[in-house]
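J.: My questions all concern the structure below.
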Amino acid sequence: MEDRFYDPEYISKLFDRMGPTYDVINLVSSFGFSEFWRYQCVSHLPIHPGAVVCDMMAGSGECWPHIARRTGASGHLLSVDFCNTMVERQNKRNSKVDAKITVLHQNALCTSIPSESVDFVVAAFGLKTLGTNDLSKFAVEICRVLKPGGMFSLIEISVPQSAMLNFAYMLYIRRVIPLVGRLFLGDIAAYRMLGDYTLSFGSCERVKATFELPQFNIELRRHFFGCTTALVGKKTQESCSI
Ligand SMILES: C[S@@+](CC[C@H](N)C(=O)[O-])C[C@H]1O[C@@H](n2cnc3c(N)ncnc32)[C@H](O)[C@@H]1O
């Protein structure tokens with residue numbers, strides 16, 4: 001994909017267009033799977049009551065219920081997104097939930113979160129819109145904010161390895177999801193772009209090496225025959241001055 005498609009302003013505006021309906025379309029078009037995959041993404045981590053958890057590229061807060069259920073009232077959730085519409089929706093959601101949540105309207109690649117202050121980092125379905133350099137910056141930012149011993153879980157829709165499944169899945173992503181997008185939003189192009197990002201991203205297997213910092217032990221997990229993949233890692237050393 002062209003570099004301009006990874007420009008933060010372009011991506012932020014794209015999600016501004018999808019923001020009002022993103023969660024509903026995501027749920028309907030994935031037949032509920034997206035919600036299950038968020039649950040799995042969070043379940044990869046031993047999040048305990050009182051934990052400090054950062055939800056990077058949080059959208060309108062789709063992962064919050066899964067995280068808050070584990071941290072309880074004594075935990076603290078830091079929710080990062082740079083899209084205006086998504087942050088507005090987070091603020092609305094925040095006033096209705098009984099959990100300590102701080103919404104940060106920031107770029108996930110360079111947040112104001114203090115170094116080594118977070119127990120767990122979660123990112124669901126945000127990796128695909130990061131270009132190669134941005135993925136490296138994201139790995140460093142996760143390393144910076146995590147406490148030693150802290151863990152992260154990143155999940156993303158992926159291109160399955162099996163040729164038959166690949167064909168059906170890509171048809172679904174490129175044709176069915178944009179149609180659902182048009183029905184709910186009247187904007188087929190925005191949802192078609194998501195398919196293009198997914199194609200370009202490939203899978204977490206492709207980007208695993210980027211997250212293999214000396215401070216991290218990481219492993220790749222595949223879900224539903226590789227239709228989503230996840231990177232789960234632990235920060236084992238203290239310094240992240242890379
Ligand atoms: C596909 S949505 C995923 C939302 C949510 N995590 C979920 O589970 O559905 C991707 C979100 O990442 C945000 N995003 C993408 N790149 C970002 C960046 N560099 N910094 C902050 N937010 C970013 C977008 O604004 C969008 O809300």
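Identifiers in this document derive from the order of the structure tokens: chains are assigned A, B, ..., residues are numbered from 1 separately in each chain, and ligands are numbered from 1 in order of occurrence.
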Any residue with an atom at most 8 Å from ligand 1 counts, using only C-alpha atoms and all ligand atoms. Which are they? Put them as a ChimeraX atom specification.
T.: /A:8,11-12,14-16,19,22-23,26,34-35,38,55-63,80-84,86,105-109,123-127,129-130,134,194
J.: The selected residues should be written to file as a CSV table (one decimal), in the first residue's frame (atoms: N, CA and C atoms).
T.:
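Done, and the output landed in selection.csv:
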```
chain,number,residue,atom,x,y,z
A,8,PRO,N,-0.9,9.2,9.9
A,8,PRO,CA,-1.8,9.2,11.0
A,8,PRO,C,-3.1,10.0,10.8
A,11,ILE,N,-5.5,8.0,8.6
A,11,ILE,CA,-6.1,6.9,9.4
A,11,ILE,C,-7.1,7.4,10.4
A,12,SER,N,-6.8,8.5,11.0
A,12,SER,CA,-7.7,9.1,12.0
A,12,SER,C,-9.0,9.5,11.3
A,14,LEU,N,-10.2,8.3,8.5
A,14,LEU,CA,-10.9,7.1,8.1
A,14,LEU,C,-11.8,6.6,9.2
A,15,PHE,N,-11.2,6.5,10.4
A,15,PHE,CA,-12.0,6.0,11.6
A,15,PHE,C,-13.0,7.0,12.0
A,16,ASP,N,-12.8,8.3,11.7
A,16,ASP,CA,-13.8,9.3,12.0
A,16,ASP,C,-15.1,9.0,11.2
A,19,GLY,N,-16.4,5.7,12.8
A,19,GLY,CA,-16.6,5.7,14.2
A,19,GLY,C,-18.1,5.5,14.7
A,22,TYR,N,-18.9,1.8,13.9
A,22,TYR,CA,-17.8,0.8,13.9
A,22,TYR,C,-18.2,-0.4,14.7
A,23,ASP,N,-18.6,-0.2,16.0
A,23,ASP,CA,-18.8,-1.4,16.8
A,23,ASP,C,-19.9,-2.3,16.4
A,26,ASN,N,-18.9,-4.0,13.1
A,26,ASN,CA,-17.9,-5.0,13.4
A,26,ASN,C,-18.5,-6.3,14.0
A,34,SER,N,-15.7,-11.1,16.3
A,34,SER,CA,-14.8,-10.1,16.8
A,34,SER,C,-14.8,-9.9,18.3
A,35,GLU,N,-16.0,-10.1,18.8
A,35,GLU,CA,-16.1,-10.0,20.3
A,35,GLU,C,-15.4,-11.1,21.0
A,38,ARG,N,-11.7,-10.5,20.8
A,38,ARG,CA,-11.2,-9.5,21.9
A,38,ARG,C,-11.1,-10.2,23.2
A,55,ASP,N,-5.1,0.0,27.0
A,55,ASP,CA,-5.7,-0.5,25.8
A,55,ASP,C,-5.3,0.5,24.7
A,56,MET,N,-4.4,0.0,23.9
A,56,MET,CA,-3.8,0.8,22.8
A,56,MET,C,-4.7,0.7,21.6
A,57,MET,N,-4.9,1.9,20.9
A,57,MET,CA,-5.8,1.9,19.7
A,57,MET,C,-7.1,1.3,20.0
A,58,ALA,N,-7.7,1.9,21.1
A,58,ALA,CA,-8.9,1.3,21.7
A,58,ALA,C,-10.2,1.5,21.0
A,59,GLY,N,-10.2,2.3,19.9
A,59,GLY,CA,-11.5,2.5,19.2
A,59,GLY,C,-12.5,3.1,20.2
A,60,SER,N,-13.7,2.6,20.2
A,60,SER,CA,-14.7,3.2,21.1
A,60,SER,C,-14.7,2.5,22.5
A,61,GLY,N,-13.7,1.7,22.7
A,61,GLY,CA,-13.6,1.0,24.0
A,61,GLY,C,-14.2,-0.4,23.9
A,62,GLU,N,-14.0,-1.1,22.8
A,62,GLU,CA,-14.6,-2.4,22.6
A,62,GLU,C,-14.0,-3.4,23.6
A,63,CYS,N,-12.7,-3.2,24.0
A,63,CYS,CA,-12.1,-4.2,24.9
A,63,CYS,C,-12.4,-4.0,26.3
A,80,VAL,N,-6.1,4.5,24.9
A,80,VAL,CA,-5.5,5.4,24.0
A,80,VAL,C,-6.0,5.3,22.6
A,81,ASP,N,-6.4,6.4,22.0
A,81,ASP,CA,-6.8,6.4,20.6
A,81,ASP,C,-6.6,7.9,20.1
A,82,PHE,N,-6.3,8.0,18.8
A,82,PHE,CA,-6.1,9.4,18.3
A,82,PHE,C,-7.2,9.9,17.4
A,83,CYS,N,-8.3,9.1,17.3
A,83,CYS,CA,-9.4,9.5,16.4
A,83,CYS,C,-10.4,10.3,17.2
A,84,ASN,N,-10.8,11.5,16.7
A,84,ASN,CA,-11.8,12.3,17.5
A,84,ASN,C,-13.1,11.6,17.8
A,86,MET,N,-13.8,8.4,17.9
A,86,MET,CA,-13.6,7.3,18.8
A,86,MET,C,-13.5,7.8,20.2
A,105,HIS,N,-6.4,11.0,24.4
A,105,HIS,CA,-6.5,11.3,23.0
A,105,HIS,C,-5.1,11.5,22.5
A,106,GLN,N,-4.5,10.4,22.2
A,106,GLN,CA,-3.1,10.4,21.8
A,106,GLN,C,-2.7,9.4,20.8
A,107,ASN,N,-1.5,9.6,20.2
A,107,ASN,CA,-0.9,8.6,19.3
A,107,ASN,C,-0.3,7.5,20.1
A,108,ALA,N,-0.7,6.2,19.8
A,108,ALA,CA,-0.2,5.1,20.6
A,108,ALA,C,1.3,4.9,20.4
A,109,LEU,N,1.9,5.6,19.4
A,109,LEU,CA,3.3,5.4,19.2
A,109,LEU,C,4.2,6.3,20.1
A,123,ALA,N,-3.9,-4.6,22.6
A,123,ALA,CA,-4.2,-3.9,21.3
A,123,ALA,C,-5.0,-4.8,20.4
A,124,ALA,N,-6.3,-4.6,20.2
A,124,ALA,CA,-7.1,-5.4,19.4
A,124,ALA,C,-7.4,-4.7,18.0
A,125,PHE,N,-7.0,-5.3,17.0
A,125,PHE,CA,-7.3,-4.9,15.6
A,125,PHE,C,-6.8,-3.5,15.2
A,126,GLY,N,-5.7,-3.1,15.8
A,126,GLY,CA,-5.1,-1.8,15.5
A,126,GLY,C,-3.8,-1.9,14.7
A,127,LEU,N,-3.2,-3.1,14.7
A,127,LEU,CA,-1.9,-3.3,14.1
A,127,LEU,C,-1.9,-3.0,12.6
A,129,THR,N,-3.1,-0.9,10.5
A,129,THR,CA,-3.0,0.4,10.0
A,129,THR,C,-1.6,1.0,10.3
A,130,LEU,N,-0.8,0.2,10.9
A,130,LEU,CA,0.6,0.7,11.2
A,130,LEU,C,1.6,0.3,10.1
A,134,ASP,N,6.2,2.3,11.9
A,134,ASP,CA,5.3,2.6,13.0
A,134,ASP,C,5.2,1.3,13.9
A,194,LEU,N,-10.5,-1.2,5.0
A,194,LEU,CA,-10.0,-2.1,6.0
A,194,LEU,C,-9.6,-3.4,5.5
```
J.: Contacts of Gly150 in chain A at 8 Å or less, counting only C-alpha atoms, minus same-chain residues fewer than 3 places along, as JSON, numbers by chain?
T.: {"A": [118, 119, 120, 146, 147, 234, 235, 236]}
J.: Residues of the last selection are to be written out with C-alpha atoms, as an mmCIF file, in the first residue's frame.
T.:
```cif
data_model
loop_
_atom_site.group_PDB
_atom_site.id
_atom_site.type_symbol
_atom_site.label_atom_id
_atom_site.label_comp_id
_atom_site.auth_asym_id
_atom_site.auth_seq_id
_atom_site.Cartn_x
_atom_site.Cartn_y
_atom_site.Cartn_z
ATOM 1 C CA VAL A 118 1.726 -0.391 33.237
ATOM 2 C CA ASP A 119 1.203 -4.092 34.075
ATOM 3 C CA PHE A 120 -0.439 -5.119 30.790
ATOM 4 C CA LEU A 146 5.476 -1.810 30.617
ATOM 5 C CA LYS A 147 6.823 -2.580 34.072
ATOM 6 C CA LYS A 234 6.492 -10.585 28.362
ATOM 7 C CA LYS A 235 9.022 -7.891 29.211
ATOM 8 C CA THR A 236 11.856 -9.659 30.965
#
```
J.: Please provide the set of residues having any atom within 9 Å of Asn94 in chain A, restricted to only C-alpha atoms, with same-chain residues fewer than 6 positions apart removed, written as a list of chain:residue names.
T.: A:Gly61, A:Lys100, A:Ile101, A:Thr102, A:Val103
J.: If you run DSSP over the backbone, which residues in range 136-194 of chain A end up strand (DSSP E or B)? Put them as a list in words.
T.: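 Filtering range 136-194 of chain A down to strand (DSSP E or B) leaves Leu146, Lys147, Pro148, Gly149, Gly150, Met151, Phe152, Ser153, Leu154, Ile155, Glu156 and Ile157 of chain A.
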J.: For N, CA and C atoms, I'd like the residues from the last selection saved as a PDB file, in the first residue's frame.
T.:
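Dumped to again37.pdb:
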```pdb
ATOM      1  N   LEU A 146       5.669  -0.601  29.800  1.00  0.00           N
ATOM      2  CA  LEU A 146       5.476  -1.810  30.617  1.00  0.00           C
ATOM      3  C   LEU A 146       6.445  -1.847  31.802  1.00  0.00           C
ATOM      4  N   LYS A 147       5.944  -2.299  32.940  1.00  0.00           N
ATOM      5  CA  LYS A 147       6.823  -2.580  34.072  1.00  0.00           C
ATOM      6  C   LYS A 147       7.640  -3.828  33.735  1.00  0.00           C
ATOM      7  N   PRO A 148       8.836  -4.013  34.320  1.00  0.00           N
ATOM      8  CA  PRO A 148       9.526  -5.291  34.130  1.00  0.00           C
ATOM      9  C   PRO A 148       8.614  -6.430  34.612  1.00  0.00           C
ATOM     10  N   GLY A 149       8.497  -7.464  33.816  1.00  0.00           N
ATOM     11  CA  GLY A 149       7.579  -8.566  34.154  1.00  0.00           C
ATOM     12  C   GLY A 149       6.189  -8.358  33.560  1.00  0.00           C
ATOM     13  N   GLY A 150       5.949  -7.153  33.016  1.00  0.00           N
ATOM     14  CA  GLY A 150       4.649  -6.856  32.411  1.00  0.00           C
ATOM     15  C   GLY A 150       4.471  -7.615  31.100  1.00  0.00           C
ATOM     16  N   MET A 151       3.223  -7.708  30.672  1.00  0.00           N
ATOM     17  CA  MET A 151       2.942  -8.502  29.462  1.00  0.00           C
ATOM     18  C   MET A 151       2.056  -7.733  28.478  1.00  0.00           C
ATOM     19  N   PHE A 152       2.111  -8.153  27.204  1.00  0.00           N
ATOM     20  CA  PHE A 152       1.230  -7.538  26.206  1.00  0.00           C
ATOM     21  C   PHE A 152       0.573  -8.600  25.343  1.00  0.00           C
ATOM     22  N   SER A 153      -0.583  -8.244  24.780  1.00  0.00           N
ATOM     23  CA  SER A 153      -1.292  -9.128  23.852  1.00  0.00           C
ATOM     24  C   SER A 153      -1.858  -8.273  22.716  1.00  0.00           C
ATOM     25  N   LEU A 154      -1.456  -8.614  21.499  1.00  0.00           N
ATOM     26  CA  LEU A 154      -1.879  -7.855  20.314  1.00  0.00           C
ATOM     27  C   LEU A 154      -2.561  -8.828  19.365  1.00  0.00           C
ATOM     28  N   ILE A 155      -3.766  -8.486  18.919  1.00  0.00           N
ATOM     29  CA  ILE A 155      -4.475  -9.414  18.030  1.00  0.00           C
ATOM     30  C   ILE A 155      -4.873  -8.673  16.753  1.00  0.00           C
ATOM     31  N   GLU A 156      -4.895  -9.388  15.638  1.00  0.00           N
ATOM     32  CA  GLU A 156      -5.256  -8.743  14.384  1.00  0.00           C
ATOM     33  C   GLU A 156      -5.892  -9.745  13.432  1.00  0.00           C
ATOM     34  N   ILE A 157      -6.867  -9.257  12.650  1.00  0.00           N
ATOM     35  CA  ILE A 157      -7.448 -10.052  11.567  1.00  0.00           C
ATOM     36  C   ILE A 157      -6.313 -10.369  10.594  1.00  0.00           C
TER      37      ILE A 157
END
```
J.: Excluding Ala189 in chain A and its own-chain neighbours fewer than 2 positions away, which residues fall within 12 Å of it when counting only C-alpha atoms? Please give them as a PDB file with N, CA and C atoms, in the first residue's frame.
T.:
```pdb
ATOM      1  N   LEU A  14     -10.211   8.322   8.513  1.00  0.00           N
ATOM      2  CA  LEU A  14     -10.910   7.098   8.087  1.00  0.00           C
ATOM      3  C   LEU A  14     -11.777   6.567   9.230  1.00  0.00           C
ATOM      4  N   PHE A  15     -11.197   6.539  10.433  1.00  0.00           N
ATOM      5  CA  PHE A  15     -11.967   6.034  11.574  1.00  0.00           C
ATOM      6  C   PHE A  15     -13.007   7.048  12.047  1.00  0.00           C
ATOM      7  N   ARG A  17     -14.889   8.537   9.966  1.00  0.00           N
ATOM      8  CA  ARG A  17     -16.031   8.170   9.115  1.00  0.00           C
ATOM      9  C   ARG A  17     -16.721   6.914   9.639  1.00  0.00           C
ATOM     10  N   MET A  18     -15.923   5.969  10.141  1.00  0.00           N
ATOM     11  CA  MET A  18     -16.512   4.694  10.576  1.00  0.00           C
ATOM     12  C   MET A  18     -16.981   4.734  12.030  1.00  0.00           C
ATOM     13  N   ARG A 174     -13.324  -8.386   1.526  1.00  0.00           N
ATOM     14  CA  ARG A 174     -13.317  -7.358   0.468  1.00  0.00           C
ATOM     15  C   ARG A 174     -14.723  -7.018  -0.033  1.00  0.00           C
ATOM     16  N   ARG A 175     -15.651  -7.987   0.026  1.00  0.00           N
ATOM     17  CA  ARG A 175     -16.978  -7.737  -0.565  1.00  0.00           C
ATOM     18  C   ARG A 175     -18.092  -7.619   0.476  1.00  0.00           C
ATOM     19  N   ILE A 177     -18.075  -7.323   3.947  1.00  0.00           N
ATOM     20  CA  ILE A 177     -17.966  -6.282   4.980  1.00  0.00           C
ATOM     21  C   ILE A 177     -18.255  -4.888   4.394  1.00  0.00           C
ATOM     22  N   PRO A 178     -17.674  -4.524   3.222  1.00  0.00           N
ATOM     23  CA  PRO A 178     -18.029  -3.214   2.669  1.00  0.00           C
ATOM     24  C   PRO A 178     -19.526  -3.068   2.394  1.00  0.00           C
ATOM     25  N   LEU A 179     -20.176  -4.181   1.984  1.00  0.00           N
ATOM     26  CA  LEU A 179     -21.629  -4.088   1.730  1.00  0.00           C
ATOM     27  C   LEU A 179     -22.394  -3.815   3.020  1.00  0.00           C
ATOM     28  N   VAL A 180     -21.986  -4.507   4.083  1.00  0.00           N
ATOM     29  CA  VAL A 180     -22.613  -4.258   5.382  1.00  0.00           C
ATOM     30  C   VAL A 180     -22.341  -2.805   5.781  1.00  0.00           C
ATOM     31  N   GLY A 181     -21.106  -2.343   5.485  1.00  0.00           N
ATOM     32  CA  GLY A 181     -20.744  -0.955   5.772  1.00  0.00           C
ATOM     33  C   GLY A 181     -21.655   0.013   5.054  1.00  0.00           C
ATOM     34  N   ARG A 182     -22.013  -0.315   3.797  1.00  0.00           N
ATOM     35  CA  ARG A 182     -22.878   0.581   3.022  1.00  0.00           C
ATOM     36  C   ARG A 182     -24.296   0.604   3.602  1.00  0.00           C
ATOM     37  N   LEU A 185     -23.843   2.505   6.987  1.00  0.00           N
ATOM     38  CA  LEU A 185     -23.121   3.777   7.009  1.00  0.00           C
ATOM     39  C   LEU A 185     -23.220   4.529   5.696  1.00  0.00           C
ATOM     40  N   GLY A 186     -23.566   3.808   4.625  1.00  0.00           N
ATOM     41  CA  GLY A 186     -23.581   4.439   3.307  1.00  0.00           C
ATOM     42  C   GLY A 186     -22.190   4.736   2.809  1.00  0.00           C
ATOM     43  N   ASP A 187     -21.188   4.095   3.374  1.00  0.00           N
ATOM     44  CA  ASP A 187     -19.802   4.400   3.015  1.00  0.00           C
ATOM     45  C   ASP A 187     -19.042   3.097   2.762  1.00  0.00           C
ATOM     46  N   TYR A 191     -14.968   0.904   4.526  1.00  0.00           N
ATOM     47  CA  TYR A 191     -14.847  -0.495   4.957  1.00  0.00           C
ATOM     48  C   TYR A 191     -14.026  -1.324   3.973  1.00  0.00           C
ATOM     49  N   ARG A 192     -14.040  -0.916   2.692  1.00  0.00           N
ATOM     50  CA  ARG A 192     -13.186  -1.620   1.724  1.00  0.00           C
ATOM     51  C   ARG A 192     -11.701  -1.393   2.077  1.00  0.00           C
ATOM     52  N   MET A 193     -11.404  -0.192   2.573  1.00  0.00           N
ATOM     53  CA  MET A 193     -10.031   0.114   2.972  1.00  0.00           C
ATOM     54  C   MET A 193      -9.533  -0.843   4.052  1.00  0.00           C
ATOM     55  N   LEU A 194     -10.452  -1.215   4.967  1.00  0.00           N
ATOM     56  CA  LEU A 194     -10.045  -2.129   6.035  1.00  0.00           C
ATOM     57  C   LEU A 194      -9.561  -3.449   5.450  1.00  0.00           C
ATOM     58  N   GLY A 195     -10.232  -3.893   4.372  1.00  0.00           N
ATOM     59  CA  GLY A 195      -9.812  -5.117   3.672  1.00  0.00           C
ATOM     60  C   GLY A 195      -8.430  -4.941   3.074  1.00  0.00           C
ATOM     61  N   ASP A 196      -8.181  -3.765   2.498  1.00  0.00           N
ATOM     62  CA  ASP A 196      -6.863  -3.507   1.899  1.00  0.00           C
ATOM     63  C   ASP A 196      -5.768  -3.527   2.969  1.00  0.00           C
TER      64      ASP A 196
END
```
J.: Please list as an mmCIF file with C-alpha atoms, in the first residue's frame every residue within 8 Å of Ser158 in chain A, counting only C-alpha atoms and excluding residues in the same chain fewer than 4 positions away.
T.:
```
data_model
loop_
_atom_site.group_PDB
_atom_site.id
_atom_site.type_symbol
_atom_site.label_atom_id
_atom_site.label_comp_id
_atom_site.auth_asym_id
_atom_site.auth_seq_id
_atom_site.Cartn_x
_atom_site.Cartn_y
_atom_site.Cartn_z
ATOM 1 C CA THR A 198 -5.711 -6.577 6.188
ATOM 2 C CA LEU A 199 -4.308 -7.838 2.878
ATOM 3 C CA PHE A 201 -0.749 -6.614 6.919
ATOM 4 C CA GLY A 202 -0.826 -10.363 6.243
ATOM 5 C CA SER A 203 -0.598 -11.730 9.761
ATOM 6 C CA CYS A 204 1.149 -11.280 13.096
ATOM 7 C CA GLY A 226 -5.312 -18.287 11.192
ATOM 8 C CA CYS A 227 -8.162 -15.853 10.457
ATOM 9 C CA THR A 228 -6.808 -13.904 13.400
ATOM 10 C CA THR A 229 -3.326 -14.084 14.842
#
```
J.: Where does DSSP see helix (DSSP H, G or I) in range 147-194 of chain A, if you list the residues as a PyMOL selection string?
T.: chain A and resi 163-185+188-194
J.: Please save N, CA and C atoms of the selected residues as a CSV table (one decimal), in the first residue's frame.
T.:
```csv
chain,number,residue,atom,x,y,z
A,163,ALA,N,-5.2,-22.0,1.1
A,163,ALA,CA,-5.6,-21.3,-0.1
A,163,ALA,C,-7.1,-21.2,-0.2
A,164,MET,N,-7.8,-22.3,0.2
A,164,MET,CA,-9.3,-22.3,0.0
A,164,MET,C,-9.9,-21.3,1.0
A,165,LEU,N,-9.4,-21.4,2.3
A,165,LEU,CA,-10.0,-20.5,3.3
A,165,LEU,C,-9.6,-19.1,3.0
A,166,ASN,N,-8.4,-18.9,2.5
A,166,ASN,CA,-7.9,-17.6,2.1
A,166,ASN,C,-8.9,-16.9,1.1
A,167,PHE,N,-9.2,-17.7,0.1
A,167,PHE,CA,-10.1,-17.2,-1.0
A,167,PHE,C,-11.4,-16.7,-0.4
A,168,ALA,N,-12.0,-17.7,0.4
A,168,ALA,CA,-13.4,-17.4,1.0
A,168,ALA,C,-13.3,-16.2,1.9
A,169,TYR,N,-12.3,-16.2,2.7
A,169,TYR,CA,-12.1,-15.2,3.8
A,169,TYR,C,-11.9,-13.8,3.1
A,170,MET,N,-11.1,-13.7,2.1
A,170,MET,CA,-10.8,-12.4,1.5
A,170,MET,C,-12.0,-11.9,0.7
A,171,LEU,N,-12.8,-12.9,0.1
A,171,LEU,CA,-14.0,-12.5,-0.5
A,171,LEU,C,-14.9,-11.8,0.5
A,172,TYR,N,-14.9,-12.4,1.6
A,172,TYR,CA,-15.8,-11.9,2.7
A,172,TYR,C,-15.3,-10.5,3.2
A,173,ILE,N,-14.0,-10.4,3.4
A,173,ILE,CA,-13.5,-9.1,3.9
A,173,ILE,C,-13.6,-8.0,2.8
A,174,ARG,N,-13.3,-8.4,1.5
A,174,ARG,CA,-13.3,-7.4,0.5
A,174,ARG,C,-14.7,-7.0,0.0
A,175,ARG,N,-15.7,-8.0,0.0
A,175,ARG,CA,-17.0,-7.7,-0.6
A,175,ARG,C,-18.1,-7.6,0.5
A,176,VAL,N,-18.2,-8.6,1.4
A,176,VAL,CA,-19.3,-8.7,2.3
A,176,VAL,C,-19.2,-7.5,3.3
A,177,ILE,N,-18.1,-7.3,3.9
A,177,ILE,CA,-18.0,-6.3,5.0
A,177,ILE,C,-18.3,-4.9,4.4
A,178,PRO,N,-17.7,-4.5,3.2
A,178,PRO,CA,-18.0,-3.2,2.7
A,178,PRO,C,-19.5,-3.1,2.4
A,179,LEU,N,-20.2,-4.2,2.0
A,179,LEU,CA,-21.6,-4.1,1.7
A,179,LEU,C,-22.4,-3.8,3.0
A,180,VAL,N,-22.0,-4.5,4.1
A,180,VAL,CA,-22.6,-4.3,5.4
A,180,VAL,C,-22.3,-2.8,5.8
A,181,GLY,N,-21.1,-2.3,5.5
A,181,GLY,CA,-20.7,-1.0,5.8
A,181,GLY,C,-21.7,0.0,5.1
A,182,ARG,N,-22.0,-0.3,3.8
A,182,ARG,CA,-22.9,0.6,3.0
A,182,ARG,C,-24.3,0.6,3.6
A,183,LEU,N,-24.8,-0.6,4.0
A,183,LEU,CA,-26.1,-0.7,4.6
A,183,LEU,C,-26.2,0.2,5.8
A,184,PHE,N,-25.2,0.1,6.7
A,184,PHE,CA,-25.3,0.8,8.0
A,184,PHE,C,-24.8,2.3,7.9
A,185,LEU,N,-23.8,2.5,7.0
A,185,LEU,CA,-23.1,3.8,7.0
A,185,LEU,C,-23.2,4.5,5.7
A,188,ILE,N,-19.2,2.6,1.5
A,188,ILE,CA,-18.6,1.3,1.2
A,188,ILE,C,-17.0,1.5,1.1
A,189,ALA,N,-16.5,2.6,0.8
A,189,ALA,CA,-15.1,2.8,0.6
A,189,ALA,C,-14.3,2.7,1.9
A,190,ALA,N,-14.8,3.2,3.0
A,190,ALA,CA,-14.1,3.2,4.2
A,190,ALA,C,-13.9,1.7,4.7
A,191,TYR,N,-15.0,0.9,4.5
A,191,TYR,CA,-14.8,-0.5,5.0
A,191,TYR,C,-14.0,-1.3,4.0
A,192,ARG,N,-14.0,-0.9,2.7
A,192,ARG,CA,-13.2,-1.6,1.7
A,192,ARG,C,-11.7,-1.4,2.1
A,193,MET,N,-11.4,-0.2,2.6
A,193,MET,CA,-10.0,0.1,3.0
A,193,MET,C,-9.5,-0.8,4.1
A,194,LEU,N,-10.5,-1.2,5.0
A,194,LEU,CA,-10.0,-2.1,6.0
A,194,LEU,C,-9.6,-3.4,5.5
```
J.: Rounded to one decimal in Å, what is the spacing between CA of Gln215 in chain A and CA of Val122 in chain A?
T.: 17.5 Å
J.: Which residue gives the smallest distance to His223 in chain A among A:Lys92, A:Arg70, A:His44, A:His76, with only C-alpha atoms counted?
T.: A:His44
J.: Of the candidates A:Ala51, A:Val145, A:Ile25, A:Leu231, which one gets nearest to Glu205 in chain A if we count only C-alpha atoms?
T.: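 The shortest atom-to-atom distance to Glu205 in chain A comes from A:Leu231.
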